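Visitor: The structure file final-v1.cif (mmCIF, C-alpha atoms and all ligand atoms) is provided below.
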```
data_protein
#
loop_
_atom_site.label_atom_id
_atom_site.label_comp_id
_atom_site.auth_asym_id
_atom_site.auth_seq_id
_atom_site.Cartn_x
_atom_site.Cartn_y
_atom_site.Cartn_z
CA ALA D 17 -72.54 83.44 -54.01
CA SER D 18 -74.85 84.90 -51.40
CA ARG D 19 -76.06 88.46 -51.77
CA ALA D 20 -74.67 91.16 -49.50
CA LEU D 21 -76.82 91.61 -46.40
CA GLY D 22 -77.51 95.28 -47.19
CA ASP D 23 -79.02 94.17 -50.50
CA VAL D 24 -81.14 91.46 -48.86
CA ILE D 25 -82.50 94.06 -46.42
CA ALA D 26 -83.19 96.56 -49.21
CA SER D 27 -85.26 94.00 -51.07
CA ALA D 28 -87.12 92.99 -47.89
CA LEU D 29 -87.98 96.70 -47.43
CA ALA D 30 -89.40 96.72 -50.97
CA ASP D 31 -91.54 93.67 -50.14
CA VAL D 32 -92.78 95.40 -46.97
CA ALA D 33 -93.77 98.51 -48.96
CA GLN D 34 -95.69 96.31 -51.41
CA ALA D 35 -97.49 94.42 -48.63
CA LEU D 36 -98.49 97.71 -46.98
CA ASP D 37 -99.79 99.04 -50.30
CA ASP D 38 -101.99 95.96 -50.51
CA ALA D 39 -103.19 96.33 -46.89
CA ALA D 40 -103.53 100.13 -46.77
CA ASP D 41 -107.29 100.34 -47.25
CA GLU D 42 -107.94 97.77 -44.53
CA LEU D 43 -105.47 99.43 -42.10
CA GLY D 44 -107.15 102.77 -42.72
CA ARG D 45 -110.56 101.24 -42.09
CA ILE D 46 -109.42 99.73 -38.78
CA ASP D 47 -107.82 103.03 -37.68
CA ARG D 48 -111.05 104.89 -38.50
CA VAL D 49 -112.99 102.89 -35.87
CA ALA D 50 -111.31 104.55 -32.87
CA GLY D 51 -108.42 106.54 -34.37
CA ASP D 52 -108.06 109.08 -37.16
CA GLY D 53 -108.03 106.70 -40.15
CA ASP D 54 -104.53 107.48 -41.39
CA HIS D 55 -102.68 104.30 -40.43
CA GLY D 56 -102.77 102.82 -43.94
CA ILE D 57 -101.56 105.96 -45.67
CA GLY D 58 -98.99 106.63 -42.95
CA MET D 59 -97.50 103.14 -43.23
CA GLN D 60 -97.44 103.47 -47.02
CA ARG D 61 -95.63 106.82 -46.91
CA GLY D 62 -93.13 105.57 -44.36
CA SER D 63 -92.38 102.25 -45.99
CA HIS D 64 -92.04 103.77 -49.46
CA ALA D 65 -89.51 106.28 -48.14
CA ALA D 66 -87.69 103.51 -46.24
CA ARG D 67 -87.60 101.34 -49.36
CA ASP D 68 -86.13 104.15 -51.46
CA ALA D 69 -83.56 105.23 -48.86
CA GLY D 70 -82.59 101.61 -48.17
CA ARG D 71 -82.14 100.92 -51.87
CA ARG D 72 -79.94 103.98 -52.33
CA ALA D 73 -77.77 103.04 -49.35
CA SER D 74 -77.38 99.43 -50.44
CA GLU D 75 -76.49 100.48 -53.99
CA ALA D 76 -73.77 102.65 -52.45
CA GLY D 77 -72.42 99.50 -50.77
CA ALA D 78 -73.70 100.09 -47.24
CA GLY D 79 -73.97 97.26 -44.73
CA ALA D 80 -77.04 96.24 -42.74
CA GLN D 81 -76.77 98.82 -39.98
CA THR D 82 -76.31 101.74 -42.36
CA VAL D 83 -79.06 100.59 -44.74
CA LEU D 84 -81.47 100.29 -41.79
CA ALA D 85 -80.38 103.63 -40.29
CA HIS D 86 -81.15 105.44 -43.57
CA ALA D 87 -84.44 103.57 -43.92
CA ALA D 88 -85.38 104.44 -40.32
CA GLU D 89 -84.75 108.14 -40.76
CA ALA D 90 -86.69 108.24 -44.03
CA TRP D 91 -89.63 106.35 -42.48
CA SER D 92 -90.12 108.78 -39.61
CA ASP D 93 -89.51 111.85 -41.80
CA LYS D 94 -92.17 110.89 -44.31
CA ALA D 95 -94.75 108.95 -42.30
CA GLY D 96 -95.59 111.35 -39.51
CA GLY D 97 -97.80 109.96 -36.78
CA THR D 98 -96.92 107.89 -33.76
CA SER D 99 -96.30 104.74 -35.74
CA GLY D 100 -93.73 106.44 -38.00
CA ALA D 101 -91.52 107.38 -35.07
CA ILE D 102 -91.91 103.90 -33.61
CA TRP D 103 -91.00 102.16 -36.87
CA ALA D 104 -87.87 104.30 -37.06
CA GLU D 105 -86.92 103.04 -33.57
CA ILE D 106 -87.47 99.44 -34.64
CA LEU D 107 -85.39 99.62 -37.83
CA LYS D 108 -82.57 101.58 -36.21
CA THR D 109 -82.36 99.27 -33.21
CA VAL D 110 -82.34 96.06 -35.25
CA GLY D 111 -79.66 97.60 -37.49
CA THR D 112 -77.46 98.42 -34.51
CA ALA D 113 -77.60 94.76 -33.43
CA LEU D 114 -76.79 93.49 -36.93
CA THR D 115 -73.80 95.86 -37.40
CA ASP D 116 -72.39 96.72 -40.83
CA ASP D 117 -69.96 93.89 -41.29
CA GLU D 118 -70.55 90.95 -38.96
CA ALA D 119 -72.32 87.82 -40.17
CA VAL D 120 -76.02 87.46 -39.34
CA THR D 121 -76.71 84.86 -36.70
CA ALA D 122 -80.06 83.83 -35.29
CA GLN D 123 -78.87 85.02 -31.88
CA ARG D 124 -77.94 88.47 -33.18
CA VAL D 125 -81.34 88.84 -34.86
CA ALA D 126 -83.21 87.70 -31.75
CA ASP D 127 -81.19 90.09 -29.57
CA GLY D 128 -81.86 92.95 -31.99
CA VAL D 129 -85.59 92.28 -32.00
CA ARG D 130 -85.66 92.13 -28.21
CA ALA D 131 -83.78 95.45 -28.04
CA ALA D 132 -86.31 96.91 -30.51
CA SER D 133 -89.20 95.71 -28.36
CA ASP D 134 -87.61 97.38 -25.32
CA ALA D 135 -86.96 100.57 -27.32
CA VAL D 136 -90.59 100.79 -28.45
CA ARG D 137 -91.82 100.40 -24.87
CA ALA D 138 -89.38 103.05 -23.63
CA PHE D 139 -90.34 105.40 -26.47
CA GLY D 140 -94.14 105.18 -26.24
CA LYS D 141 -94.57 104.18 -22.58
CA ALA D 142 -97.14 101.55 -23.56
CA GLU D 143 -97.22 98.10 -21.99
CA VAL D 144 -98.88 94.86 -23.03
CA GLY D 145 -102.66 95.24 -22.72
CA ASP D 146 -102.81 98.93 -23.67
CA LYS D 147 -104.01 97.96 -27.17
CA THR D 148 -101.03 99.16 -29.20
CA MET D 149 -98.41 97.50 -31.38
CA VAL D 150 -96.57 96.66 -28.14
CA ASP D 151 -99.14 93.86 -27.77
CA ALA D 152 -97.69 92.26 -30.93
CA ILE D 153 -94.01 93.16 -30.67
CA VAL D 154 -93.53 91.76 -27.14
CA PRO D 155 -94.76 88.21 -27.92
CA PHE D 156 -92.89 88.37 -31.23
CA ALA D 157 -89.61 89.19 -29.48
CA GLU D 158 -90.16 86.70 -26.65
CA THR D 159 -91.07 83.85 -28.99
CA LEU D 160 -88.14 84.58 -31.30
CA SER D 161 -85.68 84.56 -28.39
CA ALA D 162 -87.15 81.38 -26.90
CA GLU D 163 -87.11 79.52 -30.24
CA VAL D 164 -83.54 80.58 -31.00
CA ALA D 165 -82.46 79.58 -27.48
CA ALA D 166 -84.07 76.17 -28.13
CA GLY D 167 -81.83 75.76 -31.18
CA ARG D 168 -84.36 76.38 -33.97
CA ARG D 169 -83.10 77.75 -37.29
CA LEU D 170 -83.74 81.47 -37.80
CA GLY D 171 -86.42 80.97 -40.47
CA ASP D 172 -88.38 78.52 -38.29
CA ALA D 173 -87.98 80.69 -35.19
CA TRP D 174 -89.16 83.75 -37.13
CA ALA D 175 -92.20 81.83 -38.43
CA ALA D 176 -93.19 80.78 -34.90
CA ALA D 177 -92.71 84.35 -33.65
CA THR D 178 -94.85 85.66 -36.51
CA ASP D 179 -97.63 83.22 -35.59
CA ALA D 180 -97.46 84.59 -32.02
CA ALA D 181 -97.59 88.21 -33.25
CA GLU D 182 -100.60 87.50 -35.50
CA ALA D 183 -102.51 85.77 -32.71
CA ALA D 184 -101.70 88.63 -30.32
CA ALA D 185 -102.73 91.26 -32.89
CA ARG D 186 -106.08 89.49 -33.40
CA SER D 187 -106.58 89.34 -29.62
CA THR D 188 -106.28 93.11 -29.30
CA ALA D 189 -109.86 93.22 -30.63
CA ASP D 190 -111.00 92.27 -27.11
CA LEU D 191 -109.22 95.23 -25.49
CA VAL D 192 -110.12 98.87 -24.86
CA ALA D 193 -107.54 101.36 -26.13
CA THR D 194 -106.23 103.67 -23.42
CA LEU D 195 -103.29 105.38 -25.16
CA GLY D 196 -102.62 107.36 -28.30
CA ARG D 197 -105.40 108.88 -30.35
CA ALA D 198 -107.74 105.99 -29.61
CA ARG D 199 -107.91 106.78 -25.88
CA SER D 200 -110.66 109.36 -26.31
CA HIS D 201 -113.02 106.83 -27.87
CA GLY D 202 -111.50 103.58 -26.67
CA GLU D 203 -114.81 101.83 -26.01
CA LYS D 204 -115.61 102.05 -29.70
CA SER D 205 -112.51 99.97 -30.43
CA ILE D 206 -113.90 96.84 -28.75
CA GLY D 207 -114.33 94.22 -31.47
CA THR D 208 -111.72 95.82 -33.74
CA PRO D 209 -107.99 95.00 -33.47
CA ASP D 210 -105.35 97.68 -32.98
CA PRO D 211 -104.16 98.84 -36.42
CA GLY D 212 -100.51 99.15 -35.37
CA ALA D 213 -100.49 95.60 -33.97
CA VAL D 214 -102.08 94.26 -37.17
CA SER D 215 -99.56 96.04 -39.41
CA PHE D 216 -96.66 94.90 -37.21
CA ALA D 217 -97.67 91.25 -37.68
CA LEU D 218 -98.06 91.82 -41.42
CA VAL D 219 -94.52 93.22 -41.65
CA CYS D 220 -93.18 90.18 -39.76
CA ARG D 221 -94.97 87.80 -42.13
CA THR D 222 -93.63 89.68 -45.16
CA VAL D 223 -90.06 89.69 -43.87
CA HIS D 224 -90.28 85.94 -43.29
CA ARG D 225 -91.29 85.41 -46.92
CA ALA D 226 -88.46 87.73 -48.01
CA PHE D 227 -85.77 85.67 -46.36
CA VAL D 228 -87.20 82.22 -46.96
CA ASP D 229 -87.63 82.81 -50.72
P1 LIG B 1 -101.46 108.27 -35.27
O1 LIG B 1 -102.04 107.57 -34.06
O2 LIG B 1 -100.49 109.34 -34.90
O3 LIG B 1 -102.51 108.66 -36.26
P2 LIG B 1 -100.93 105.85 -36.78
O4 LIG B 1 -102.39 105.83 -37.08
O5 LIG B 1 -100.02 105.66 -37.94
O6 LIG B 1 -100.51 107.17 -35.99
O7 LIG B 1 -100.57 104.69 -35.77
C1 LIG B 1 -101.46 104.29 -34.77
C2 LIG B 1 -100.85 103.11 -34.04
O8 LIG B 1 -99.70 103.54 -33.31
C3 LIG B 1 -101.76 102.50 -33.02
O9 LIG B 1 -102.64 101.56 -33.61
C4 LIG B 1 -100.79 101.84 -32.06
O10 LIG B 1 -100.46 100.53 -32.46
C5 LIG B 1 -99.55 102.69 -32.20
N1 LIG B 1 -99.34 103.50 -31.00
C6 LIG B 1 -99.99 104.62 -30.62
N2 LIG B 1 -99.51 105.08 -29.46
C7 LIG B 1 -98.53 104.22 -29.07
C8 LIG B 1 -97.64 104.13 -27.96
N3 LIG B 1 -97.66 105.04 -26.98
N4 LIG B 1 -96.77 103.09 -27.93
C9 LIG B 1 -96.75 102.17 -28.90
N5 LIG B 1 -97.56 102.20 -29.98
C10 LIG B 1 -98.43 103.21 -30.06
MG MG B 2 -103.90 107.18 -37.05
MG MG B 3 -102.63 110.45 -37.36
#
```
Would you mind writing the file out in C-alpha cells?

Guide:
Amino acid sequence: ASRALGDVIASALADVAQALDDAADELGRIDRVAGDGDHGIGMQRGSHAARDAGRRASEAGAGAQTVLAHAAEAWSDKAGGTSGAIWAEILKTVGTALTDDEAVTAQRVADGVRAASDAVRAFGKAEVGDKTMVDAIVPFAETLSAEVAAGRRLGDAWAAATDAAEAAARSTADLVATLGRARSHGEKSIGTPDPGAVSFALVCRTVHRAFVD
C-alpha cells in the first residue's frame, strides 16, 4: 500500500530540514560575503518549524494542501528574513496545486511549481539576473514543465529540473546583486553565488531523493 501523500510530504520536509542543517554553515558563509550572514540559520529555523508543523498536520490526517499550508505558515513565522516569506509562498502555492484529495500527477506538480515561480516573482519583484533565488526557481520551473510536456516521468523530469537549478545557482556567482540586503555591497558578491539560489537548488535535490527512495 502506498503512503498517504500528506505523510510523504511530511517526511520530505524532515529530509529538507536535515539537509539544511548540514548546509547551514556554508549558507551562512555565502550570505556573509554581501548579505548579513543569517541565511543558514534562517533556513534552519524555517525548515525545522515547517517539518514540525507538517508532521503534526499529517498525523492528524491532513492532505497535501493542508500539510503544506501549515508548513508554509510555520516557516515564515519562525524564519524571519526575506527568504522565509518567499519559502512560505512556495510551499503554499505548490500545496494549492496538489489539493487535499486528488492524485498527484506530473502535470499537477509541474503546474504547481510554475505557479510558485510566478508567485515568488510577484512577491519579491525580482527577475532573472538580479542575483536572487529567482535565478534558480525560473529555470527549475521551466525545465520541469518542458520535461513533463515531453512525456518524462515525474522523477526524471524533477532530476533534470534540479540539474538546471544547480547550474543556474552556480552561475549567479558571475552576477552583481542589485536587490535585497546585498544591493548595498553588490560588487563584493562577484565570485560568490547567491545564497538563496544555492539553498533552493539544495532543497530540490533533497526532495528528489525523498521521492525516489
Ligand atoms: P535576509 O536577506 O532578509 O537576511 P536571507 O538571508 O534568509 O534573508 O535570504 C537571502 C536570500 O533571499 C537572497 O540570497 C535571495 O536569494 C533572496 N531574496 C532577497 N530578496 C529577494 C527578492 N526580492 N526576490 C526573491 N528573492 C530574494
Ligand atoms: Mg541574510
Ligand atoms: Mg537577515

Visitor: Please report, as JSON, the centre and edge lengths in Å to one decimal of an axis-aligned box covering all listed atoms of segment 95-108 of chain D with 8 Å per side.

Guide:
```
{"center_x": -90.2, "center_y": 105.4, "center_z": -37.9, "size_x": 31.2, "size_y": 27.9, "size_z": 24.7}
```

Visitor: Do you know which residues are at most 7 Å from segment 184-198 of chain D counting only C-alpha atoms, after dropping those on the same chain fewer than 6 positions away, and could you put them as a ChimeraX atom specification?

Guide: /D:50-51,146-147,151-152,205-210,213-214,217

Visitor: Find the residues around segment 110-122 of chain D up to 7 Å (all atoms listed in the file counted), leave out those fewer than 5 positions away in its own chain, and share them as number ranges by chain.

Guide: D: 79-82, 84-85, 128-129, 132, 164, 170

Visitor: Just write the chosen residues, C-alpha atoms, as a JSON list (two decimals), in the coordinates of the input.

Guide:
```
[["chain", "number", "residue", "atom", "x", "y", "z"],
["D", 79, "GLY", "CA", -73.97, 97.26, -44.73],
["D", 80, "ALA", "CA", -77.04, 96.24, -42.74],
["D", 81, "GLN", "CA", -76.77, 98.82, -39.98],
["D", 82, "THR", "CA", -76.31, 101.74, -42.36],
["D", 84, "LEU", "CA", -81.47, 100.29, -41.79],
["D", 85, "ALA", "CA", -80.38, 103.63, -40.29],
["D", 128, "GLY", "CA", -81.86, 92.95, -31.99],
["D", 129, "VAL", "CA", -85.59, 92.28, -32.00],
["D", 132, "ALA", "CA", -86.31, 96.91, -30.51],
["D", 164, "VAL", "CA", -83.54, 80.58, -31.00],
["D", 170, "LEU", "CA", -83.74, 81.47, -37.80]]
```

Visitor: How would you write, as an NGL selection string, the set of residues no farther than 6 Å from ligand LIG 1 (chain B) when counting all atoms listed in the file?

Guide: :D and (52 or 54-55 or 58 or 97-99 or 140-142 or 148-150 or 195-197 or 210-213)

Visitor: With all atoms listed in the file as the basis for distance, which of D:Glu75, D:Val144, D:Ala26, D:Gln123 is at the shortest distance from Leu107 of chain D?

Guide: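 Counting all atoms listed in the file, the residue closest to Leu107 of chain D is D:Ala26.
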
Visitor: Taking all atoms listed in the file into account, name the residue in D:Val24, D:Ser215, D:Lys94, D:Glu105 that is nearest to Asp47 of chain D.

Guide: D:Ser215

Visitor: In Å to one decimal, how far is atom CA of Gly77 of chain D from atom CA of Ala28 of chain D?

Guide: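 Computed distance, atom CA of Ala28 of chain D to atom CA of Gly77 of chain D, equals 16.3 Å.
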
Visitor: Determine the nearest neighbour of Ile153 of chain D from the options D:Val125, D:Ala95, D:Cys220, D:Leu43, counting all atoms listed in the file.

Guide: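 So, comparing all the options, the nearest one is D:Cys220.
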
Visitor: Would you mind reading off the distance between atom CA of Ala69 of chain D and atom CA of Leu21 of chain D, one decimal, in Å?

Guide: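 It comes out at 15.4 Å.
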
Visitor: Ranking D:Ala101, D:Arg71, D:Gln34, D:Ala20 by minimum distance to ligand MG 3 (chain B) and counting all atoms listed in the file, which one comes first?

Guide: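 Using all atoms listed in the file, ligand MG 3 (chain B) sits closest to D:Ala101.
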
Visitor: Which of these, D:Asp23, D:Trp91, D:Ala35, D:Ile57, has the shortest distance to ligand MG 3 (chain B) once you count only C-alpha atoms and all ligand atoms?

Guide: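 Nearest candidate to ligand MG 3 (chain B) out of D:Asp23, D:Trp91, D:Ala35, D:Ile57: D:Ile57.
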
Visitor: Could segment 43-71 of chain D be completed with N, CA and C atoms and returned as a JSON list (two decimals), in the frame of the given file?

Guide:
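To be explicit, this is the file written out as part_2.json:
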```
[["chain", "number", "residue", "atom", "x", "y", "z"],
["D", 43, "LEU", "N", -106.08, 98.78, -43.28],
["D", 43, "LEU", "CA", -105.47, 99.43, -42.10],
["D", 43, "LEU", "C", -106.13, 100.78, -41.83],
["D", 44, "GLY", "N", -106.46, 101.50, -42.88],
["D", 44, "GLY", "CA", -107.15, 102.77, -42.72],
["D", 44, "GLY", "C", -108.54, 102.57, -42.13],
["D", 45, "ARG", "N", -109.22, 101.54, -42.60],
["D", 45, "ARG", "CA", -110.56, 101.24, -42.09],
["D", 45, "ARG", "C", -110.50, 100.92, -40.59],
["D", 46, "ILE", "N", -109.53, 100.10, -40.20],
["D", 46, "ILE", "CA", -109.42, 99.73, -38.78],
["D", 46, "ILE", "C", -109.12, 100.98, -37.93],
["D", 47, "ASP", "N", -108.22, 101.84, -38.45],
["D", 47, "ASP", "CA", -107.82, 103.03, -37.68],
["D", 47, "ASP", "C", -108.96, 104.04, -37.59],
["D", 48, "ARG", "N", -109.93, 103.95, -38.52],
["D", 48, "ARG", "CA", -111.05, 104.89, -38.50],
["D", 48, "ARG", "C", -112.04, 104.56, -37.37],
["D", 49, "VAL", "N", -112.02, 103.30, -36.89],
["D", 49, "VAL", "CA", -112.99, 102.89, -35.87],
["D", 49, "VAL", "C", -112.80, 103.69, -34.58],
["D", 50, "ALA", "N", -111.54, 103.80, -34.11],
["D", 50, "ALA", "CA", -111.31, 104.55, -32.87],
["D", 50, "ALA", "C", -110.15, 105.53, -32.99],
["D", 51, "GLY", "N", -109.53, 105.62, -34.16],
["D", 51, "GLY", "CA", -108.42, 106.54, -34.37],
["D", 51, "GLY", "C", -108.79, 107.56, -35.43],
["D", 52, "ASP", "N", -107.80, 108.02, -36.19],
["D", 52, "ASP", "CA", -108.06, 109.08, -37.16],
["D", 52, "ASP", "C", -108.01, 108.58, -38.61],
["D", 53, "GLY", "N", -107.88, 107.28, -38.81],
["D", 53, "GLY", "CA", -108.03, 106.70, -40.15],
["D", 53, "GLY", "C", -106.82, 106.79, -41.05],
["D", 54, "ASP", "N", -105.68, 107.25, -40.50],
["D", 54, "ASP", "CA", -104.53, 107.48, -41.39],
["D", 54, "ASP", "C", -103.46, 106.39, -41.30],
["D", 55, "HIS", "N", -103.75, 105.28, -40.63],
["D", 55, "HIS", "CA", -102.68, 104.30, -40.43],
["D", 55, "HIS", "C", -102.22, 103.65, -41.74],
["D", 56, "GLY", "N", -103.16, 103.39, -42.64],
["D", 56, "GLY", "CA", -102.77, 102.82, -43.94],
["D", 56, "GLY", "C", -101.89, 103.75, -44.73],
["D", 57, "ILE", "N", -102.33, 104.99, -44.88],
["D", 57, "ILE", "CA", -101.56, 105.96, -45.67],
["D", 57, "ILE", "C", -100.23, 106.29, -44.99],
["D", 58, "GLY", "N", -100.23, 106.35, -43.67],
["D", 58, "GLY", "CA", -98.99, 106.63, -42.95],
["D", 58, "GLY", "C", -97.96, 105.52, -43.14],
["D", 59, "MET", "N", -98.41, 104.27, -43.04],
["D", 59, "MET", "CA", -97.50, 103.14, -43.23],
["D", 59, "MET", "C", -97.02, 103.07, -44.68],
["D", 60, "GLN", "N", -97.89, 103.43, -45.62],
["D", 60, "GLN", "CA", -97.44, 103.47, -47.02],
["D", 60, "GLN", "C", -96.35, 104.52, -47.22],
["D", 61, "ARG", "N", -96.61, 105.74, -46.74],
["D", 61, "ARG", "CA", -95.63, 106.82, -46.91],
["D", 61, "ARG", "C", -94.30, 106.45, -46.29],
["D", 62, "GLY", "N", -94.36, 105.92, -45.06],
["D", 62, "GLY", "CA", -93.13, 105.57, -44.36],
["D", 62, "GLY", "C", -92.37, 104.45, -45.04],
["D", 63, "SER", "N", -93.07, 103.41, -45.42],
["D", 63, "SER", "CA", -92.38, 102.25, -45.99],
["D", 63, "SER", "C", -91.86, 102.53, -47.40],
["D", 64, "HIS", "N", -92.56, 103.39, -48.14],
["D", 64, "HIS", "CA", -92.04, 103.77, -49.46],
["D", 64, "HIS", "C", -90.74, 104.55, -49.30],
["D", 65, "ALA", "N", -90.72, 105.49, -48.37],
["D", 65, "ALA", "CA", -89.51, 106.28, -48.14],
["D", 65, "ALA", "C", -88.38, 105.39, -47.64],
["D", 66, "ALA", "N", -88.71, 104.44, -46.76],
["D", 66, "ALA", "CA", -87.69, 103.51, -46.24],
["D", 66, "ALA", "C", -87.13, 102.63, -47.36],
["D", 67, "ARG", "N", -88.02, 102.15, -48.21],
["D", 67, "ARG", "CA", -87.60, 101.34, -49.36],
["D", 67, "ARG", "C", -86.62, 102.12, -50.25],
["D", 68, "ASP", "N", -86.97, 103.36, -50.55],
["D", 68, "ASP", "CA", -86.13, 104.15, -51.46],
["D", 68, "ASP", "C", -84.79, 104.50, -50.82],
["D", 69, "ALA", "N", -84.81, 104.88, -49.55],
["D", 69, "ALA", "CA", -83.56, 105.23, -48.86],
["D", 69, "ALA", "C", -82.70, 103.98, -48.66],
["D", 70, "GLY", "N", -83.33, 102.86, -48.34],
["D", 70, "GLY", "CA", -82.59, 101.61, -48.17],
["D", 70, "GLY", "C", -81.95, 101.15, -49.47],
["D", 71, "ARG", "N", -82.68, 101.30, -50.55],
["D", 71, "ARG", "CA", -82.14, 100.92, -51.87],
["D", 71, "ARG", "C", -80.93, 101.78, -52.23]]
```
